[in-house]
Structure formats: C-alpha cells, structure tokens
Amino acid sequence: MAFELPALPYAKDALAPVISAETLEFHYGKHHAAYVANLNKLTEGTAHADASLEEVIQAADGGLFNNAAQVWNHSFSWTCMKPGGGGEPSGALAEALVRDFGSVDDFRRDFKNAAVTQFGSGWAWLVEQDGKLDIMKTANADLPLKHGIKALMTCDVWEHAYYIDFRNARPSYVDSFLEHLINWDFVAGNLS
Ligand code: MN3
C-alpha cells in the first residue's frame with residue numbers, strides 16, 4: 001500500500017492573498033508531492049512498505065526519516081490553516097492558552113518568536129505534553145512525534161513556505177499566519 005498525497009483541504013487559491021496559489025502550486029504540488037514520491041521509492045519492497053506513516057517516522061533515520069516526517073508535517077500543516085482563519089480561539093483551547101502562556105497575545109508573541117528564531121529551515125509548533133501547552137521549534141524535518149510529544153498546530157518556516165509571497169520577511173509571514181490563516185477549530189480538536 002503506497003503512501004498517498006492527501007488532498008488539500010481547500011482550493012489552491014483559497015488562502016490568497018496571504019498565501020498565493022503559486023506558492024501552493026509549488027509547496028503542495030511539488031515539494032509535498034516529492035516527499036511522498038521519495039517515501040514510496042525508499043519503502044517499496046522493504047519492511048516499511050506496509051507500515052503506517054507514524055511507524056516509519058518512529059523507526060527511521062536519515063533520508064527515510066526526512067521524507068516520512070516531511071510528508072506528515074505538510075499533511076498536518078495544511079489542516080492548521082483555513083480560508084478566513086485567524087482571529088481568536090474560544091472555549092477550552094482559549095482557557096488552556098491563557099493558563100499556560102498568560103494570555104492569547106502572549107502565546108502569539110512566544111509562537112512568533114519561536115518561528116522567527118528557528119535558524120534556517122524548520123517548523124514552529126504548539127504542543128501538548130503532560131496536560132500542558134508549550135511551544136517547540138524543530139529543524140528541517142524534525143517533529144514533536146519523534147520526541148513523544150503531541151502536536152496541536154504547526155507553522156512551516158522553510159523558505160519555500162513564504163518566499164514567493166513574502167520574500168525574506170519571515171516575521172510578516174508568521175504574523176499573517178496567526179492573524180488570517182490559523183484554523184483554531186482544528187487546533188482545538190487536537191486538544192486531549
Ligand atoms: Mn514546507
């Protein structure tokens with residue numbers, strides 16, 4: 001059973017003007033698709049061919065880990081955004097953010113700081129560990145799952161995620177992600 005590229009949960013132009021259709025043509029249509037193709041090449045005919053994506057991530061290192069993790073990271077990241085997203089979280093998620101960061105604005109400040117200070121390619125994450133919310137940043141393909149930590153939300157800070165629309169302005173991209181794209185309903189659904 002080959003690994004498959006999941007359908008985008010919205011049209012390629014649905015996140016514009018923040019993230020253009022051109023970015024998603026490349027980011028989803030080329031980068032994410034290539035990680036899936038590479039993963040299938042690397043697992044075909046091996047003991048990993050019938051494993052779940054999560055099992056491959058837990059077991060693998062090197063190129064196999066990188067491609068498997070990037071498939072997971074991207075599939076997860078698309079659902080962390082939605083057209084007309086952003087705004088304020090509500091309910092149990094808002095209460096947990098206030099409890100663990102002081103306020104939702106403090107969370108946004110800390111998350112942006114992690115996303116902007118990740119040196120080079122990587123990811124910023126909202127995670128849940130031992131009933132507490134926290135922020136993580138990871139390099140390249142690394143992800144909370146590999147460290148036994150549950151991801152609630154992520155923002156891709158590889159340059160391919162923002163360079164067409166924001167050039168080198170990663171801070172503006174992260175601000176726009178938080179203000180206009182983040183899918184709080186999805187994040188809330190990930191809460192234990
Ligand atoms: Mn990416």
# chains A, B, ... in the order shown; residues from 1 in each chain; ligands from 1

$ residues_around --residues "segment 56-65 of chain A" --least-positions-apart "3" --cutoff "7 Å" --atoms "only C-alpha atoms" --output "PyMOL selection string"
chain A and resi 39+42+48+51-53+68-69+146

$ residues_around --residues "segment 153-166 of chain A" --least-positions-apart "5" --cutoff "6 Å" --atoms "only C-alpha atoms" --output "list of chain:residue names"
A:Ser77, A:Cys80, A:Ser121, A:Gly122, A:Trp123, A:Ala124, A:Trp125, A:Leu126, A:Val187

$ closest_residue --among "A:Asn183, A:Ala37, A:Asp130, A:Ile135" --to "Asp106 of chain A" --atoms "only C-alpha atoms"
A:Ile135

$ residues_around --residues "Pro9 of chain A" --least-positions-apart "3" --cutoff "10 Å" --atoms "only C-alpha atoms" --output "VMD selection string"
chain A and resid 6 12 14 75 78 to 79 81 to 83

$ write_last_selection --atoms "N, CA and C atoms" --output "PDB file, in the first residue's frame"
ATOM      1  N   PRO A   6      -2.248  13.467   0.402  1.00  0.00           N
ATOM      2  CA  PRO A   6      -3.641  13.770   0.740  1.00  0.00           C
ATOM      3  C   PRO A   6      -4.122  14.995  -0.039  1.00  0.00           C
ATOM      4  N   LYS A  12      -6.385  25.754  -4.206  1.00  0.00           N
ATOM      5  CA  LYS A  12      -5.027  26.316  -4.136  1.00  0.00           C
ATOM      6  C   LYS A  12      -5.023  27.840  -4.015  1.00  0.00           C
ATOM      7  N   ALA A  14      -7.332  29.502  -2.268  1.00  0.00           N
ATOM      8  CA  ALA A  14      -8.246  29.846  -1.167  1.00  0.00           C
ATOM      9  C   ALA A  14      -7.579  30.625  -0.041  1.00  0.00           C
ATOM     10  N   SER A  75       1.164  17.363   5.565  1.00  0.00           N
ATOM     11  CA  SER A  75      -0.251  16.981   5.651  1.00  0.00           C
ATOM     12  C   SER A  75      -0.900  17.654   6.860  1.00  0.00           C
ATOM     13  N   TRP A  78      -1.285  21.712   6.419  1.00  0.00           N
ATOM     14  CA  TRP A  78      -2.395  22.256   5.593  1.00  0.00           C
ATOM     15  C   TRP A  78      -3.657  22.400   6.426  1.00  0.00           C
ATOM     16  N   THR A  79      -3.884  21.442   7.327  1.00  0.00           N
ATOM     17  CA  THR A  79      -5.113  21.490   8.114  1.00  0.00           C
ATOM     18  C   THR A  79      -5.029  22.491   9.268  1.00  0.00           C
ATOM     19  N   MET A  81      -4.387  25.491   8.714  1.00  0.00           N
ATOM     20  CA  MET A  81      -4.785  26.758   8.101  1.00  0.00           C
ATOM     21  C   MET A  81      -6.155  26.586   7.462  1.00  0.00           C
ATOM     22  N   LYS A  82      -6.870  27.704   7.307  1.00  0.00           N
ATOM     23  CA  LYS A  82      -8.117  27.668   6.539  1.00  0.00           C
ATOM     24  C   LYS A  82      -8.380  29.070   5.987  1.00  0.00           C
ATOM     25  N   PRO A  83      -9.138  29.134   4.886  1.00  0.00           N
ATOM     26  CA  PRO A  83      -9.506  30.459   4.372  1.00  0.00           C
ATOM     27  C   PRO A  83     -10.314  31.202   5.426  1.00  0.00           C
TER      28      PRO A  83
END

$ closest_residue --among "A:Asn140, A:Asn113, A:Asn73, A:Thr46" --to "Tyr28 of chain A" --atoms "only C-alpha atoms"
A:Asn73

$ atom_distance --atom1 "atom CA of Gln129 of chain A" --atom2 "atom CA of Gly189 of chain A"
15.6 Å

$ closest_residue --among "A:Ala139, A:Leu181, A:Leu15, A:Ala96" --to "ligand 1" --atoms "only C-alpha atoms and all ligand atoms"
A:Ala139

$ closest_residue --among "A:Ile149, A:Val127, A:Ala34, A:Leu97" --to "ligand 1" --atoms "only C-alpha atoms and all ligand atoms"
A:Ala34

$ atom_distance --atom1 "atom CA of Val71 of chain A" --atom2 "atom CA of Glu88 of chain A"
28.7 Å

$ atom_distance --atom1 "atom CA of His31 of chain A" --atom2 "atom CA of Ala49 of chain A"
21.2 Å

$ closest_residue --among "A:Val116, A:Lys30, A:Lys132, A:Leu5" --to "Glu95 of chain A" --atoms "only C-alpha atoms"
A:Lys132

$ closest_residue --among "A:Trp184, A:Phe26, A:Phe119, A:Phe177" --to "ligand 1" --atoms "only C-alpha atoms and all ligand atoms"
A:Phe26

$ select_by_dssp --residues "chain A" --states "alpha helix (DSSP H)" --output "MDAnalysis selection string"
chainID A and resid 21:26 33:43 53:59 62:79 91:101 104:117 163:166 170:176 184:190

$ write_last_selection --atoms "C-alpha atoms" --output "CSV table (one decimal), in the first residue's frame"
chain,number,residue,atom,x,y,z
A,21,ALA,CA,-2.0,29.9,-5.5
A,22,GLU,CA,1.6,30.0,-6.9
A,23,THR,CA,3.0,29.1,-3.5
A,24,LEU,CA,0.7,26.2,-3.1
A,25,GLU,CA,1.4,25.0,-6.7
A,26,PHE,CA,5.0,24.6,-5.6
A,33,ALA,CA,4.3,15.6,-3.7
A,34,ALA,CA,8.1,14.9,-4.0
A,35,TYR,CA,8.3,13.9,-0.3
A,36,VAL,CA,5.5,11.3,-0.9
A,37,ALA,CA,7.2,10.1,-4.1
A,38,ASN,CA,10.6,9.8,-2.3
A,39,LEU,CA,9.0,8.0,0.6
A,40,ASN,CA,7.4,5.4,-1.7
A,41,LYS,CA,10.7,4.9,-3.5
A,42,LEU,CA,12.5,4.4,-0.2
A,43,THR,CA,10.0,2.0,1.3
A,53,LEU,CA,3.5,6.8,8.3
A,54,GLU,CA,3.8,7.3,12.1
A,55,GLU,CA,5.6,3.9,12.5
A,56,VAL,CA,8.1,4.8,9.7
A,57,ILE,CA,8.8,8.1,11.5
A,58,GLN,CA,9.4,6.4,14.8
A,59,ALA,CA,11.6,3.7,13.3
A,62,GLY,CA,18.4,9.6,7.7
A,63,GLY,CA,16.7,10.1,4.3
A,64,LEU,CA,13.8,7.8,5.1
A,65,PHE,CA,13.0,9.7,8.3
A,66,ASN,CA,13.3,13.1,6.5
A,67,ASN,CA,10.9,12.2,3.8
A,68,ALA,CA,8.4,10.4,6.0
A,69,ALA,CA,8.5,13.3,8.5
A,70,GLN,CA,8.0,15.9,5.8
A,71,VAL,CA,5.0,14.0,4.5
A,72,TRP,CA,3.5,14.1,8.0
A,73,ASN,CA,4.5,17.7,8.7
A,74,HIS,CA,3.0,19.0,5.4
A,75,SER,CA,-0.3,17.0,5.7
A,76,PHE,CA,-0.7,18.3,9.2
A,77,SER,CA,0.3,21.9,8.3
A,78,TRP,CA,-2.4,22.3,5.6
A,79,THR,CA,-5.1,21.5,8.1
A,91,GLY,CA,-13.6,27.5,24.7
A,92,ALA,CA,-11.3,25.0,26.3
A,93,LEU,CA,-8.4,25.9,23.9
A,94,ALA,CA,-8.6,29.6,24.8
A,95,GLU,CA,-8.6,28.7,28.5
A,96,ALA,CA,-5.6,26.4,28.1
A,97,LEU,CA,-3.7,29.1,26.2
A,98,VAL,CA,-4.4,31.6,29.0
A,99,ARG,CA,-3.5,29.1,31.6
A,100,ASP,CA,-0.1,28.1,30.1
A,101,PHE,CA,1.0,31.4,28.4
A,104,VAL,CA,-3.6,34.5,23.9
A,105,ASP,CA,-1.5,37.5,22.9
A,106,ASP,CA,1.4,36.2,25.0
A,107,PHE,CA,1.0,32.8,23.2
A,108,ARG,CA,1.1,34.6,19.8
A,109,ARG,CA,4.2,36.6,20.8
A,110,ASP,CA,6.0,33.4,22.0
A,111,PHE,CA,5.0,31.4,19.0
A,112,LYS,CA,6.1,34.1,16.6
A,113,ASN,CA,9.4,34.3,18.5
A,114,ALA,CA,10.0,30.6,18.1
A,115,ALA,CA,9.1,30.7,14.4
A,116,VAL,CA,11.3,33.7,13.6
A,117,THR,CA,14.3,32.4,15.6
A,163,TYR,CA,9.5,33.2,-0.2
A,164,ILE,CA,7.2,33.8,-3.2
A,165,ASP,CA,4.7,35.9,-1.2
A,166,PHE,CA,6.9,37.4,1.5
A,170,ARG,CA,9.6,35.6,7.7
A,171,PRO,CA,8.2,37.7,10.6
A,172,SER,CA,5.4,39.2,8.4
A,173,TYR,CA,4.6,35.7,7.1
A,174,VAL,CA,4.2,34.4,10.7
A,175,ASP,CA,2.1,37.4,11.7
A,176,SER,CA,-0.2,36.8,8.7
A,184,TRP,CA,-8.4,27.3,15.6
A,185,ASP,CA,-11.2,24.7,15.3
A,186,PHE,CA,-8.7,22.1,14.1
A,187,VAL,CA,-6.2,23.1,16.9
A,188,ALA,CA,-9.0,22.8,19.5
A,189,GLY,CA,-9.9,19.4,18.1
A,190,ASN,CA,-6.4,18.2,18.7

$ decode --residues "segment 133-153 of chain A" --atoms "N, CA and C atoms" --output "PDB file, in the first residue's frame"
ATOM      1  N   LEU A 133       0.246  23.022  27.652  1.00  0.00           N
ATOM      2  CA  LEU A 133       0.598  23.504  26.319  1.00  0.00           C
ATOM      3  C   LEU A 133       1.983  24.144  26.354  1.00  0.00           C
ATOM      4  N   ASP A 134       2.708  23.975  25.256  1.00  0.00           N
ATOM      5  CA  ASP A 134       4.047  24.557  25.168  1.00  0.00           C
ATOM      6  C   ASP A 134       4.354  24.844  23.701  1.00  0.00           C
ATOM      7  N   ILE A 135       5.428  25.569  23.473  1.00  0.00           N
ATOM      8  CA  ILE A 135       5.870  25.881  22.122  1.00  0.00           C
ATOM      9  C   ILE A 135       7.191  25.179  21.883  1.00  0.00           C
ATOM     10  N   MET A 136       7.336  24.652  20.671  1.00  0.00           N
ATOM     11  CA  MET A 136       8.577  23.981  20.266  1.00  0.00           C
ATOM     12  C   MET A 136       9.005  24.538  18.930  1.00  0.00           C
ATOM     13  N   LYS A 137      10.287  24.495  18.634  1.00  0.00           N
ATOM     14  CA  LYS A 137      10.725  24.688  17.253  1.00  0.00           C
ATOM     15  C   LYS A 137      11.629  23.525  16.907  1.00  0.00           C
ATOM     16  N   THR A 138      11.548  23.073  15.660  1.00  0.00           N
ATOM     17  CA  THR A 138      12.353  21.943  15.216  1.00  0.00           C
ATOM     18  C   THR A 138      13.043  22.307  13.911  1.00  0.00           C
ATOM     19  N   ALA A 139      14.199  21.696  13.680  1.00  0.00           N
ATOM     20  CA  ALA A 139      14.969  21.968  12.465  1.00  0.00           C
ATOM     21  C   ALA A 139      14.634  20.955  11.376  1.00  0.00           C
ATOM     22  N   ASN A 140      14.657  21.434  10.142  1.00  0.00           N
ATOM     23  CA  ASN A 140      14.499  20.571   8.968  1.00  0.00           C
ATOM     24  C   ASN A 140      13.210  19.756   9.057  1.00  0.00           C
ATOM     25  N   ALA A 141      13.310  18.423   9.088  1.00  0.00           N
ATOM     26  CA  ALA A 141      12.103  17.590   9.089  1.00  0.00           C
ATOM     27  C   ALA A 141      11.667  17.177  10.493  1.00  0.00           C
ATOM     28  N   ASP A 142      12.445  17.513  11.510  1.00  0.00           N
ATOM     29  CA  ASP A 142      12.164  17.025  12.862  1.00  0.00           C
ATOM     30  C   ASP A 142      10.778  17.483  13.329  1.00  0.00           C
ATOM     31  N   LEU A 143      10.166  16.663  14.191  1.00  0.00           N
ATOM     32  CA  LEU A 143       8.783  16.919  14.613  1.00  0.00           C
ATOM     33  C   LEU A 143       8.547  16.382  16.020  1.00  0.00           C
ATOM     34  N   PRO A 144       7.551  16.922  16.726  1.00  0.00           N
ATOM     35  CA  PRO A 144       7.294  16.504  18.117  1.00  0.00           C
ATOM     36  C   PRO A 144       7.085  14.994  18.271  1.00  0.00           C
ATOM     37  N   LEU A 145       6.387  14.382  17.319  1.00  0.00           N
ATOM     38  CA  LEU A 145       6.115  12.942  17.382  1.00  0.00           C
ATOM     39  C   LEU A 145       7.383  12.124  17.630  1.00  0.00           C
ATOM     40  N   LYS A 146       8.485  12.527  17.030  1.00  0.00           N
ATOM     41  CA  LYS A 146       9.745  11.787  17.180  1.00  0.00           C
ATOM     42  C   LYS A 146      10.249  11.853  18.624  1.00  0.00           C
ATOM     43  N   HIS A 147       9.764  12.856  19.379  1.00  0.00           N
ATOM     44  CA  HIS A 147      10.191  13.055  20.771  1.00  0.00           C
ATOM     45  C   HIS A 147       9.087  12.657  21.759  1.00  0.00           C
ATOM     46  N   GLY A 148       8.050  11.958  21.254  1.00  0.00           N
ATOM     47  CA  GLY A 148       6.967  11.515  22.119  1.00  0.00           C
ATOM     48  C   GLY A 148       6.057  12.630  22.586  1.00  0.00           C
ATOM     49  N   ILE A 149       6.010  13.725  21.815  1.00  0.00           N
ATOM     50  CA  ILE A 149       5.218  14.898  22.185  1.00  0.00           C
ATOM     51  C   ILE A 149       4.095  15.086  21.170  1.00  0.00           C
ATOM     52  N   LYS A 150       2.911  15.491  21.662  1.00  0.00           N
ATOM     53  CA  LYS A 150       1.738  15.637  20.796  1.00  0.00           C
ATOM     54  C   LYS A 150       1.683  17.035  20.184  1.00  0.00           C
ATOM     55  N   ALA A 151       1.603  17.099  18.871  1.00  0.00           N
ATOM     56  CA  ALA A 151       1.483  18.379  18.160  1.00  0.00           C
ATOM     57  C   ALA A 151       0.029  18.801  18.087  1.00  0.00           C
ATOM     58  N   LEU A 152      -0.232  20.074  18.386  1.00  0.00           N
ATOM     59  CA  LEU A 152      -1.578  20.630  18.222  1.00  0.00           C
ATOM     60  C   LEU A 152      -1.666  21.505  16.973  1.00  0.00           C
ATOM     61  N   MET A 153      -0.550  22.115  16.587  1.00  0.00           N
ATOM     62  CA  MET A 153      -0.557  23.082  15.483  1.00  0.00           C
ATOM     63  C   MET A 153       0.879  23.312  15.040  1.00  0.00           C
TER      64      MET A 153
END
